[in-house]
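A.B. asks: File model-v3.cif below, mmCIF, C-alpha atoms:
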```cif
data_query
#
loop_
_atom_site.group_PDB
_atom_site.id
_atom_site.type_symbol
_atom_site.label_atom_id
_atom_site.label_comp_id
_atom_site.auth_asym_id
_atom_site.auth_seq_id
_atom_site.Cartn_x
_atom_site.Cartn_y
_atom_site.Cartn_z
ATOM 1 C CA MET A 1 159.274 115.318 71.626
ATOM 2 C CA ALA A 2 157.252 113.883 68.740
ATOM 3 C CA ILE A 3 154.808 111.151 69.803
ATOM 4 C CA THR A 4 154.866 108.326 67.268
ATOM 5 C CA ALA A 5 152.250 105.694 66.535
ATOM 6 C CA GLN A 6 154.716 103.019 67.668
ATOM 7 C CA MET A 7 155.042 104.698 71.077
ATOM 8 C CA VAL A 8 151.272 104.840 71.437
ATOM 9 C CA LYS A 9 151.018 101.173 70.462
ATOM 10 C CA GLU A 10 153.682 100.172 72.991
ATOM 11 C CA LEU A 11 152.000 102.083 75.798
ATOM 12 C CA ARG A 12 148.652 100.591 74.926
ATOM 13 C CA GLU A 13 150.125 97.082 75.055
ATOM 14 C CA LYS A 14 151.699 97.846 78.442
ATOM 15 C CA THR A 15 148.554 99.272 80.013
ATOM 16 C CA GLY A 16 145.524 98.203 77.991
ATOM 17 C CA ALA A 17 144.344 101.835 77.967
ATOM 18 C CA GLY A 18 142.654 103.456 74.972
ATOM 19 C CA MET A 19 144.720 104.892 72.125
ATOM 20 C CA MET A 20 143.685 108.494 72.769
ATOM 21 C CA ASP A 21 144.443 108.142 76.480
ATOM 22 C CA CYS A 22 147.868 106.723 75.630
ATOM 23 C CA LYS A 23 148.642 109.568 73.254
ATOM 24 C CA LYS A 24 147.543 112.147 75.829
ATOM 25 C CA ALA A 25 149.665 110.502 78.521
ATOM 26 C CA LEU A 26 152.768 110.464 76.337
ATOM 27 C CA THR A 27 152.199 114.093 75.381
ATOM 28 C CA GLU A 28 151.809 115.121 79.032
ATOM 29 C CA VAL A 29 155.134 113.520 80.036
ATOM 30 C CA ASN A 30 157.058 114.427 76.874
ATOM 31 C CA GLY A 31 157.353 110.853 75.639
ATOM 32 C CA ASP A 32 158.697 109.248 78.824
ATOM 33 C CA MET A 33 157.252 105.714 78.630
ATOM 34 C CA GLU A 34 157.531 104.848 82.319
ATOM 35 C CA ALA A 35 156.117 108.199 83.350
ATOM 36 C CA ALA A 36 153.278 107.657 80.893
ATOM 37 C CA VAL A 37 152.520 104.292 82.519
ATOM 38 C CA ASP A 38 152.404 106.060 85.900
ATOM 39 C CA PHE A 39 150.217 108.792 84.417
ATOM 40 C CA LEU A 40 147.685 106.241 83.173
ATOM 41 C CA ARG A 41 147.861 104.307 86.428
ATOM 42 C CA GLU A 42 147.061 107.461 88.334
ATOM 43 C CA LYS A 43 144.212 108.080 85.946
ATOM 44 C CA GLY A 44 143.038 104.544 86.516
ATOM 45 C CA LEU A 45 143.142 104.998 90.255
ATOM 46 C CA SER A 46 141.117 108.163 89.860
ATOM 47 C CA SER A 47 138.613 106.288 87.746
ATOM 48 C CA ALA A 48 138.454 103.554 90.341
ATOM 49 C CA ALA A 49 137.747 106.112 93.041
ATOM 50 C CA LYS A 50 134.844 107.516 91.026
ATOM 51 C CA LYS A 51 133.416 104.000 90.866
ATOM 52 C CA ALA A 52 133.717 103.437 94.617
ATOM 53 C CA ASP A 53 130.028 104.045 95.318
ATOM 54 C CA ARG A 54 128.887 101.581 92.679
ATOM 55 C CA ILE A 55 127.652 98.176 93.735
ATOM 56 C CA ALA A 56 129.680 95.246 92.468
ATOM 57 C CA ALA A 57 127.301 92.328 92.949
ATOM 58 C CA GLU A 58 128.161 90.303 89.861
ATOM 59 C CA GLY A 59 131.424 88.529 89.236
ATOM 60 C CA THR A 60 132.631 84.994 89.717
ATOM 61 C CA THR A 61 133.796 82.435 92.225
ATOM 62 C CA TYR A 62 136.904 80.366 91.642
ATOM 63 C CA ILE A 63 138.794 77.467 93.218
ATOM 64 C CA LEU A 64 142.477 76.641 92.802
ATOM 65 C CA VAL A 65 143.958 73.427 94.175
ATOM 66 C CA ASP A 66 147.693 72.815 94.347
ATOM 67 C CA GLY A 67 148.652 69.585 96.069
ATOM 68 C CA ASN A 68 147.538 69.778 99.691
ATOM 69 C CA ASP A 69 146.569 73.450 99.485
ATOM 70 C CA ALA A 70 143.399 74.982 98.063
ATOM 71 C CA VAL A 71 141.834 78.429 97.851
ATOM 72 C CA ILE A 72 138.250 79.421 97.155
ATOM 73 C CA LEU A 73 137.498 83.063 96.379
ATOM 74 C CA GLU A 74 134.882 85.478 95.118
ATOM 75 C CA VAL A 75 135.760 88.479 92.961
ATOM 76 C CA ASN A 76 132.986 90.928 92.148
ATOM 77 C CA ALA A 77 132.326 93.247 89.225
ATOM 78 C CA GLU A 78 129.341 95.432 88.376
ATOM 79 C CA THR A 79 128.005 93.445 85.423
ATOM 80 C CA ASP A 80 127.824 89.837 84.340
ATOM 81 C CA PHE A 81 129.223 90.917 80.967
ATOM 82 C CA VAL A 82 132.503 92.044 82.519
ATOM 83 C CA ALA A 83 132.600 88.919 84.698
ATOM 84 C CA LYS A 84 132.912 86.897 81.486
ATOM 85 C CA ASN A 85 135.628 89.205 80.132
ATOM 86 C CA GLU A 86 138.960 87.473 79.506
ATOM 87 C CA ALA A 87 140.915 90.190 81.335
ATOM 88 C CA PHE A 88 138.660 89.795 84.382
ATOM 89 C CA GLN A 89 139.031 86.010 84.337
ATOM 90 C CA THR A 90 142.802 86.390 84.117
ATOM 91 C CA LEU A 91 142.754 88.731 87.117
ATOM 92 C CA VAL A 92 140.770 86.199 89.147
ATOM 93 C CA LYS A 93 143.284 83.436 88.387
ATOM 94 C CA GLU A 94 146.210 85.725 89.260
ATOM 95 C CA LEU A 95 144.584 86.578 92.582
ATOM 96 C CA ALA A 96 143.937 82.895 93.301
ATOM 97 C CA GLU A 97 147.579 81.998 92.624
ATOM 98 C CA HIS A 98 148.777 84.813 94.863
ATOM 99 C CA LEU A 99 146.412 83.964 97.720
ATOM 100 C CA LEU A 100 147.405 80.316 97.593
ATOM 101 C CA ALA A 101 151.092 81.226 97.738
ATOM 102 C CA ALA A 102 150.885 84.029 100.316
ATOM 103 C CA LYS A 103 148.103 82.561 102.506
ATOM 104 C CA PRO A 104 147.085 85.907 104.043
ATOM 105 C CA ALA A 105 144.969 85.700 107.199
ATOM 106 C CA SER A 106 142.329 88.252 106.194
ATOM 107 C CA ILE A 107 141.009 90.371 103.334
ATOM 108 C CA GLU A 108 142.812 93.380 104.814
ATOM 109 C CA GLU A 109 146.108 91.503 104.865
ATOM 110 C CA ALA A 110 145.466 90.161 101.361
ATOM 111 C CA ILE A 111 144.780 93.619 99.904
ATOM 112 C CA GLU A 112 148.059 94.973 101.297
ATOM 113 C CA SER A 113 150.183 91.959 100.319
ATOM 114 C CA LYS A 114 152.642 92.174 97.434
ATOM 115 C CA MET A 115 152.172 90.101 94.302
ATOM 116 C CA SER A 116 155.000 88.604 92.266
ATOM 117 C CA ASN A 117 155.024 91.670 89.986
ATOM 118 C CA GLY A 118 155.823 93.892 92.974
ATOM 119 C CA ALA A 119 152.428 95.571 93.105
ATOM 120 C CA SER A 120 150.093 95.265 96.042
ATOM 121 C CA VAL A 121 146.852 93.381 95.468
ATOM 122 C CA ALA A 122 145.006 96.694 95.841
ATOM 123 C CA ASP A 123 147.077 98.328 93.098
ATOM 124 C CA HIS A 124 146.852 95.249 90.876
ATOM 125 C CA ILE A 125 143.057 95.360 91.102
ATOM 126 C CA SER A 126 143.012 99.134 90.525
ATOM 127 C CA ASN A 127 145.087 98.686 87.383
ATOM 128 C CA ALA A 128 142.516 96.148 86.196
ATOM 129 C CA VAL A 129 139.734 98.630 86.960
ATOM 130 C CA ALA A 130 141.474 101.173 84.711
ATOM 131 C CA LYS A 131 141.583 98.683 81.843
ATOM 132 C CA ILE A 132 138.212 97.006 82.310
ATOM 133 C CA GLY A 133 136.207 100.061 83.307
ATOM 134 C CA GLU A 134 134.164 98.691 86.209
ATOM 135 C CA LYS A 135 134.500 98.531 89.955
ATOM 136 C CA ILE A 136 136.163 95.239 90.915
ATOM 137 C CA THR A 137 136.555 93.894 94.442
ATOM 138 C CA LEU A 138 138.136 90.877 96.050
ATOM 139 C CA ARG A 139 135.227 90.144 98.353
ATOM 140 C CA ARG A 140 136.273 87.028 100.254
ATOM 141 C CA PHE A 141 138.494 83.969 100.217
ATOM 142 C CA GLU A 142 139.429 80.929 102.282
ATOM 143 C CA VAL A 143 142.677 78.957 102.130
ATOM 144 C CA ARG A 144 142.659 75.367 103.327
ATOM 145 C CA THR A 145 145.375 72.735 103.817
ATOM 146 C CA LYS A 146 144.827 68.975 103.969
ATOM 147 C CA THR A 147 147.014 65.925 104.527
ATOM 148 C CA ASP A 148 147.995 63.238 102.047
ATOM 149 C CA ASN A 149 145.262 61.050 103.548
ATOM 150 C CA ASP A 150 142.461 63.519 102.781
ATOM 151 C CA ALA A 151 140.665 64.668 99.630
ATOM 152 C CA PHE A 152 139.613 68.070 98.326
ATOM 153 C CA GLY A 153 136.345 68.307 96.432
ATOM 154 C CA PRO A 154 136.322 71.451 94.265
ATOM 155 C CA TYR A 155 133.144 72.142 92.285
ATOM 156 C CA LEU A 156 132.130 75.155 90.182
ATOM 157 C CA HIS A 157 128.527 75.483 89.056
ATOM 158 C CA MET A 158 127.110 77.644 86.244
ATOM 159 C CA GLY A 159 130.509 78.901 85.150
ATOM 160 C CA GLY A 160 131.461 80.073 88.621
ATOM 161 C CA ARG A 161 128.141 81.450 89.888
ATOM 162 C CA ILE A 162 128.456 78.952 92.762
ATOM 163 C CA ALA A 163 131.625 77.372 94.143
ATOM 164 C CA VAL A 164 131.926 74.653 96.764
ATOM 165 C CA LEU A 165 135.081 73.255 98.318
ATOM 166 C CA THR A 166 134.772 70.153 100.483
ATOM 167 C CA ILE A 167 137.359 68.300 102.541
ATOM 168 C CA LEU A 168 136.901 64.585 103.133
ATOM 169 C CA GLU A 169 139.147 63.411 105.954
ATOM 170 C CA GLY A 170 140.519 59.872 106.019
ATOM 171 C CA THR A 171 140.008 59.103 102.328
ATOM 172 C CA THR A 172 141.757 60.080 99.107
ATOM 173 C CA ASP A 173 138.597 59.664 97.027
ATOM 174 C CA ALA A 174 138.623 63.048 95.259
ATOM 175 C CA GLU A 175 135.715 62.078 93.009
ATOM 176 C CA ALA A 176 133.528 61.366 96.043
ATOM 177 C CA ALA A 177 134.565 64.680 97.596
ATOM 178 C CA LYS A 178 133.558 66.451 94.390
ATOM 179 C CA ASP A 179 130.202 64.627 94.333
ATOM 180 C CA VAL A 180 129.491 65.898 97.848
ATOM 181 C CA ALA A 181 130.479 69.408 96.738
ATOM 182 C CA MET A 182 128.053 69.166 93.822
ATOM 183 C CA HIS A 183 125.296 68.113 96.226
ATOM 184 C CA ILE A 184 126.053 71.096 98.491
ATOM 185 C CA ALA A 185 125.979 73.445 95.503
ATOM 186 C CA ALA A 186 122.481 72.193 94.655
ATOM 187 C CA LEU A 187 120.874 72.002 98.120
ATOM 188 C CA ASN A 188 122.747 74.723 100.016
ATOM 189 C CA PRO A 189 122.842 73.192 103.535
ATOM 190 C CA LYS A 190 123.967 75.321 106.473
ATOM 191 C CA TYR A 191 125.715 72.667 108.547
ATOM 192 C CA ILE A 192 127.490 69.329 108.232
ATOM 193 C CA SER A 193 125.631 67.544 111.028
ATOM 194 C CA ARG A 194 123.042 68.064 113.739
ATOM 195 C CA ASP A 195 125.614 68.568 116.469
ATOM 196 C CA GLN A 196 126.729 71.791 114.754
ATOM 197 C CA VAL A 197 123.277 73.367 115.163
ATOM 198 C CA SER A 198 123.168 75.548 118.265
ATOM 199 C CA GLU A 199 120.704 74.745 121.024
ATOM 200 C CA GLU A 200 119.304 78.259 120.612
ATOM 201 C CA GLU A 201 118.459 77.592 116.966
ATOM 202 C CA VAL A 202 116.912 74.221 117.802
ATOM 203 C CA GLU A 203 114.755 75.718 120.567
ATOM 204 C CA HIS A 204 113.714 78.593 118.302
ATOM 205 C CA GLU A 205 112.607 76.132 115.620
ATOM 206 C CA ARG A 206 110.912 73.894 118.198
ATOM 207 C CA LYS A 207 108.893 76.886 119.451
ATOM 208 C CA ILE A 208 107.793 77.799 115.920
ATOM 209 C CA LEU A 209 106.829 74.220 115.100
ATOM 210 C CA THR A 210 104.899 73.937 118.384
ATOM 211 C CA GLU A 211 102.892 77.070 117.597
ATOM 212 C CA GLN A 212 102.234 75.778 114.103
ATOM 213 C CA ALA A 213 100.888 72.483 115.431
ATOM 214 C CA LEU A 214 98.683 74.193 118.014
ATOM 215 C CA ASN A 215 97.344 76.592 115.377
ATOM 216 C CA GLU A 216 96.461 73.575 113.253
ATOM 217 C CA GLY A 217 94.224 72.455 116.093
ATOM 218 C CA LYS A 218 96.289 69.406 117.003
ATOM 219 C CA PRO A 219 95.664 67.940 120.484
ATOM 220 C CA GLU A 220 98.252 69.073 123.012
ATOM 221 C CA ASN A 221 99.025 65.492 124.025
ATOM 222 C CA ILE A 222 100.460 64.693 120.568
ATOM 223 C CA VAL A 223 101.961 68.090 119.714
ATOM 224 C CA ALA A 224 105.336 67.309 121.312
ATOM 225 C CA LYS A 225 105.714 64.097 119.315
ATOM 226 C CA MET A 226 104.718 65.882 116.095
ATOM 227 C CA VAL A 227 107.208 68.648 116.767
ATOM 228 C CA GLU A 228 110.099 66.213 117.200
ATOM 229 C CA GLY A 229 109.143 64.563 113.914
ATOM 230 C CA ARG A 230 109.081 67.914 112.160
ATOM 231 C CA LEU A 231 112.415 68.848 113.734
ATOM 232 C CA GLY A 232 113.845 65.793 111.997
ATOM 233 C CA LYS A 233 112.621 67.219 108.688
ATOM 234 C CA TYR A 234 114.189 70.567 109.607
ATOM 235 C CA PHE A 235 117.559 68.922 110.212
ATOM 236 C CA GLU A 236 117.261 67.253 106.811
ATOM 237 C CA GLU A 237 116.889 70.696 105.253
ATOM 238 C CA ILE A 238 119.910 72.300 106.921
ATOM 239 C CA CYS A 239 122.365 69.437 107.640
ATOM 240 C CA VAL A 240 124.106 67.914 104.649
ATOM 241 C CA LEU A 241 124.695 64.489 106.199
ATOM 242 C CA ASP A 242 120.943 64.117 106.828
ATOM 243 C CA GLN A 243 119.987 64.995 103.245
ATOM 244 C CA ALA A 244 119.063 62.572 100.474
ATOM 245 C CA PHE A 245 122.033 62.427 98.113
ATOM 246 C CA VAL A 246 121.331 64.181 94.794
ATOM 247 C CA LYS A 247 123.011 61.379 92.824
ATOM 248 C CA ASN A 248 121.055 58.676 94.660
ATOM 249 C CA SER A 249 117.898 59.796 96.469
ATOM 250 C CA ASP A 250 117.674 56.420 98.243
ATOM 251 C CA GLN A 251 120.910 57.147 100.083
ATOM 252 C CA LYS A 252 121.724 59.806 102.692
ATOM 253 C CA VAL A 253 124.824 61.897 102.110
ATOM 254 C CA GLY A 254 126.115 60.665 105.470
ATOM 255 C CA ASP A 255 125.876 57.064 104.302
ATOM 256 C CA PHE A 256 127.594 57.919 101.018
ATOM 257 C CA VAL A 257 130.474 59.607 102.827
ATOM 258 C CA LYS A 258 130.785 56.675 105.239
ATOM 259 C CA SER A 259 131.056 54.301 102.258
ATOM 260 C CA THR A 260 134.240 56.117 101.199
ATOM 261 C CA GLY A 261 135.880 55.334 104.529
ATOM 262 C CA GLY A 262 136.183 59.030 105.317
ATOM 263 C CA THR A 263 134.309 61.812 107.080
ATOM 264 C CA LEU A 264 133.165 65.225 105.859
ATOM 265 C CA LYS A 265 135.438 67.577 107.772
ATOM 266 C CA GLU A 266 134.358 70.895 106.226
ATOM 267 C CA PHE A 267 132.662 72.594 103.325
ATOM 268 C CA ILE A 268 132.751 76.156 102.033
ATOM 269 C CA ARG A 269 130.040 77.340 99.653
ATOM 270 C CA TYR A 270 130.127 80.702 97.842
ATOM 271 C CA ALA A 271 127.373 82.063 95.614
ATOM 272 C CA VAL A 272 128.129 85.214 93.634
ATOM 273 C CA GLY A 273 126.640 88.308 95.205
ATOM 274 C CA GLU A 274 124.891 86.565 98.092
ATOM 275 C CA GLY A 275 124.287 89.016 100.905
ATOM 276 C CA ILE A 276 125.058 92.054 98.759
ATOM 277 C CA GLU A 277 122.162 94.460 98.507
ATOM 278 C CA LYS A 278 121.728 95.218 94.833
ATOM 279 C CA ARG A 279 120.666 98.793 94.279
ATOM 280 C CA GLU A 280 117.421 99.276 92.378
ATOM 281 C CA ASP A 281 118.023 102.414 90.336
ATOM 282 C CA ASN A 282 114.995 104.422 89.271
ATOM 283 C CA PHE A 283 115.314 104.732 85.493
ATOM 284 C CA ALA A 284 113.249 107.920 85.232
ATOM 285 C CA ASP A 285 115.323 109.615 87.948
ATOM 286 C CA GLU A 286 118.514 108.508 86.203
ATOM 287 C CA VAL A 287 117.380 110.016 82.889
ATOM 288 C CA MET A 288 116.359 113.288 84.538
ATOM 289 C CA SER A 289 119.694 113.416 86.330
ATOM 290 C CA GLN A 290 121.526 113.092 83.009
ATOM 291 C CA VAL A 291 119.314 115.722 81.399
ATOM 292 C CA LYS A 292 120.123 118.144 84.204
ATOM 293 C CA GLY A 293 123.822 117.356 83.820
ATOM 294 C CA ASN A 294 124.228 115.814 87.269
#
```
Would you encode the structure as structure tokens?
C.D. replies:
Amino acid sequence: MAITAQMVKELREKTGAGMMDCKKALTEVNGDMEAAVDFLREKGLSSAAKKADRIAAEGTTYILVDGNDAVILEVNAETDFVAKNEAFQTLVKELAEHLLAAKPASIEEAIESKMSNGASVADHISNAVAKIGEKITLRRFEVRTKTDNDAFGPYLHMGGRIAVLTILEGTTDAEAAKDVAMHIAALNPKYISRDQVSEEEVEHERKILTEQALNEGKPENIVAKMVEGRLGKYFEEICVLDQAFVKNSDQKVGDFVKSTGGTLKEFIRYAVGEGIEKREDNFADEVMSQVKGN
């Protein structure tokens, strides 16, 4: 069967694959459009498999709020350039919409779940890999539900490099919830309040601070008092309610939240690539590898 330019164009629009790949696919399956789509999909999956050992530490975070439901997620790619690609951004939004609707309990469940187009999330991402040309992973997500008496505070910083979702309970002041999220994006606290810090962590810090004071030559009879004072500073570093509010340094975040009539129930903070070990490739070795044809 003769492969026409119109057929190639149609297949390219369906799959986003290159023109030569589309022509080859149509030739291989004797012009069967659906079979050609499958052919390219299989090729895409093969390409995705070849990219499996690459490190996807770039990407974006995203938050979608719909009424009393919200989802925060991180989707990774290999380069910041692809993370800004329109097709990648579209994929992220599609995944957010699906996660918010399906509310899977884990990444494993999410990857196997079926999207509205009938494809699993895994296949949908693999199809995007075939079009975009980089390894892409849905790294993590959290779905949260609030009541009509609560407020979500979604905040994206630096175009999605950092995302924070807060939940203020007992107030509908969404602007205040967003202000707290912005603060958390900037200062990166670990906990909401002191009572969330484990006794083990407190004792570990107390021991370090005690040794520091003794090494400074402080008299033993005042070391304990100094340590408790320094522990207060430590709590200010790690507990958001103890921190000076970024929008008003004369006010603690805890006091700001109290002024809204609500309480900070929870926050989730994602930063792109945090905790992912980025491989440092040796450029000279890479060049030699290419020269040798490896």
A.B. asks: For a test of reading the model, state the distance in Å between CA of Asn188 (chain A) and CA of His204 (chain A), rounded to one decimal.
C.D. replies: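 Interatomic distance, CA of Asn188 (chain A) to CA of His204 (chain A): 20.8 Å.
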A.B. asks: Have a look at CA of Val257 (chain A) and CA of Asp179 (chain A) and let me know their distance in Å, one decimal.
C.D. replies: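 Rounded to one decimal, the two atoms are 9.9 Å apart.
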A.B. asks: CA of Met182 (chain A) to CA of Ile167 (chain A): how many Å, to one decimal?
C.D. replies: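 Taking CA of Met182 (chain A) as the start and CA of Ile167 (chain A) as the end point, the length is 12.8 Å.
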A.B. asks: Name the residues that the PyMOL selection byres ((chain A and resi 154) around 9) pulls out of this structure, and write them as JSON, numbers by chain.
C.D. replies: {"A": [63, 64, 65, 70, 72, 152, 153, 155, 156, 163, 164, 165, 166, 167, 174, 177, 178, 181, 182]}
A.B. asks: Could you list, as a compact mmCIF listing (two decimals) with C-alpha atoms, in the frame of the given file, every residue matched by the PyMOL selection byres ((chain A and resi 158) around 12) in this structure?
C.D. replies:
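Output file expr-v9.txt is given in full below:
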```txt
# COMPACT_ATOMS: atom_id res chain seq x y z
CA THR A 60 132.63 84.99 89.72
CA THR A 61 133.80 82.44 92.22
CA TYR A 62 136.90 80.37 91.64
CA LYS A 84 132.91 86.90 81.49
CA TYR A 155 133.14 72.14 92.28
CA LEU A 156 132.13 75.16 90.18
CA HIS A 157 128.53 75.48 89.06
CA GLY A 159 130.51 78.90 85.15
CA GLY A 160 131.46 80.07 88.62
CA ARG A 161 128.14 81.45 89.89
CA ILE A 162 128.46 78.95 92.76
CA ALA A 163 131.62 77.37 94.14
CA VAL A 164 131.93 74.65 96.76
CA MET A 182 128.05 69.17 93.82
CA ALA A 185 125.98 73.44 95.50
CA ALA A 186 122.48 72.19 94.66
CA ALA A 271 127.37 82.06 95.61
CA VAL A 272 128.13 85.21 93.63
```
A.B. asks: So which residues fall inside 12 Å of (145.8, 101.5, 75.6) if we count all atoms listed in the file? Mind giving them as a list of chain:residue names?
C.D. replies: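 Neighbouring residues, ordered by chain and number, come to A:Ala5, A:Met7, A:Val8, A:Lys9, A:Glu10, A:Leu11, A:Arg12, A:Glu13, A:Lys14, A:Thr15, A:Gly16, A:Ala17, A:Gly18, A:Met19, A:Met20, A:Asp21, A:Cys22, A:Lys23, A:Lys24, A:Ala25, A:Leu26, A:Ala36, A:Val37, A:Leu40, A:Arg41, A:Gly44, A:Ala130, A:Lys131, A:Ile132.
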A.B. asks: Residue by residue, what does the PyMOL selection byres ((chain A and resi 116) around 12) grab here? Present the result as number ranges by chain.
C.D. replies: A: 94-95, 97-99, 101-102, 113-115, 117-121, 124
A.B. asks: Write out the residues from the selection above, keeping C-alpha atoms, as a PDB file, keeping the file's coordinate frame.
C.D. replies:
```
ATOM      1  CA  GLU A  94     146.210  85.725  89.260  1.00  0.00           C
ATOM      2  CA  LEU A  95     144.584  86.578  92.582  1.00  0.00           C
ATOM      3  CA  GLU A  97     147.579  81.998  92.624  1.00  0.00           C
ATOM      4  CA  HIS A  98     148.777  84.813  94.863  1.00  0.00           C
ATOM      5  CA  LEU A  99     146.412  83.964  97.720  1.00  0.00           C
ATOM      6  CA  ALA A 101     151.092  81.226  97.738  1.00  0.00           C
ATOM      7  CA  ALA A 102     150.885  84.029 100.316  1.00  0.00           C
ATOM      8  CA  SER A 113     150.183  91.959 100.319  1.00  0.00           C
ATOM      9  CA  LYS A 114     152.642  92.174  97.434  1.00  0.00           C
ATOM     10  CA  MET A 115     152.172  90.101  94.302  1.00  0.00           C
ATOM     11  CA  ASN A 117     155.024  91.670  89.986  1.00  0.00           C
ATOM     12  CA  GLY A 118     155.823  93.892  92.974  1.00  0.00           C
ATOM     13  CA  ALA A 119     152.428  95.571  93.105  1.00  0.00           C
ATOM     14  CA  SER A 120     150.093  95.265  96.042  1.00  0.00           C
ATOM     15  CA  VAL A 121     146.852  93.381  95.468  1.00  0.00           C
ATOM     16  CA  HIS A 124     146.852  95.249  90.876  1.00  0.00           C
TER      17      HIS A 124
END
```
A.B. asks: Residues near Thr137 (chain A), anyone? I mean within 7 Å using all atoms listed in the file, not counting same-chain ones fewer than 6 positions away, as JSON, numbers by chain.
C.D. replies: {"A": [75, 76, 77]}
A.B. asks: Kindly indicate which residue among A:Leu214, A:Ala122, A:Ile268, A:Ala151 lies nearest to Tyr191 (chain A), using all atoms listed in the file for the distances.
C.D. replies: A:Ile268
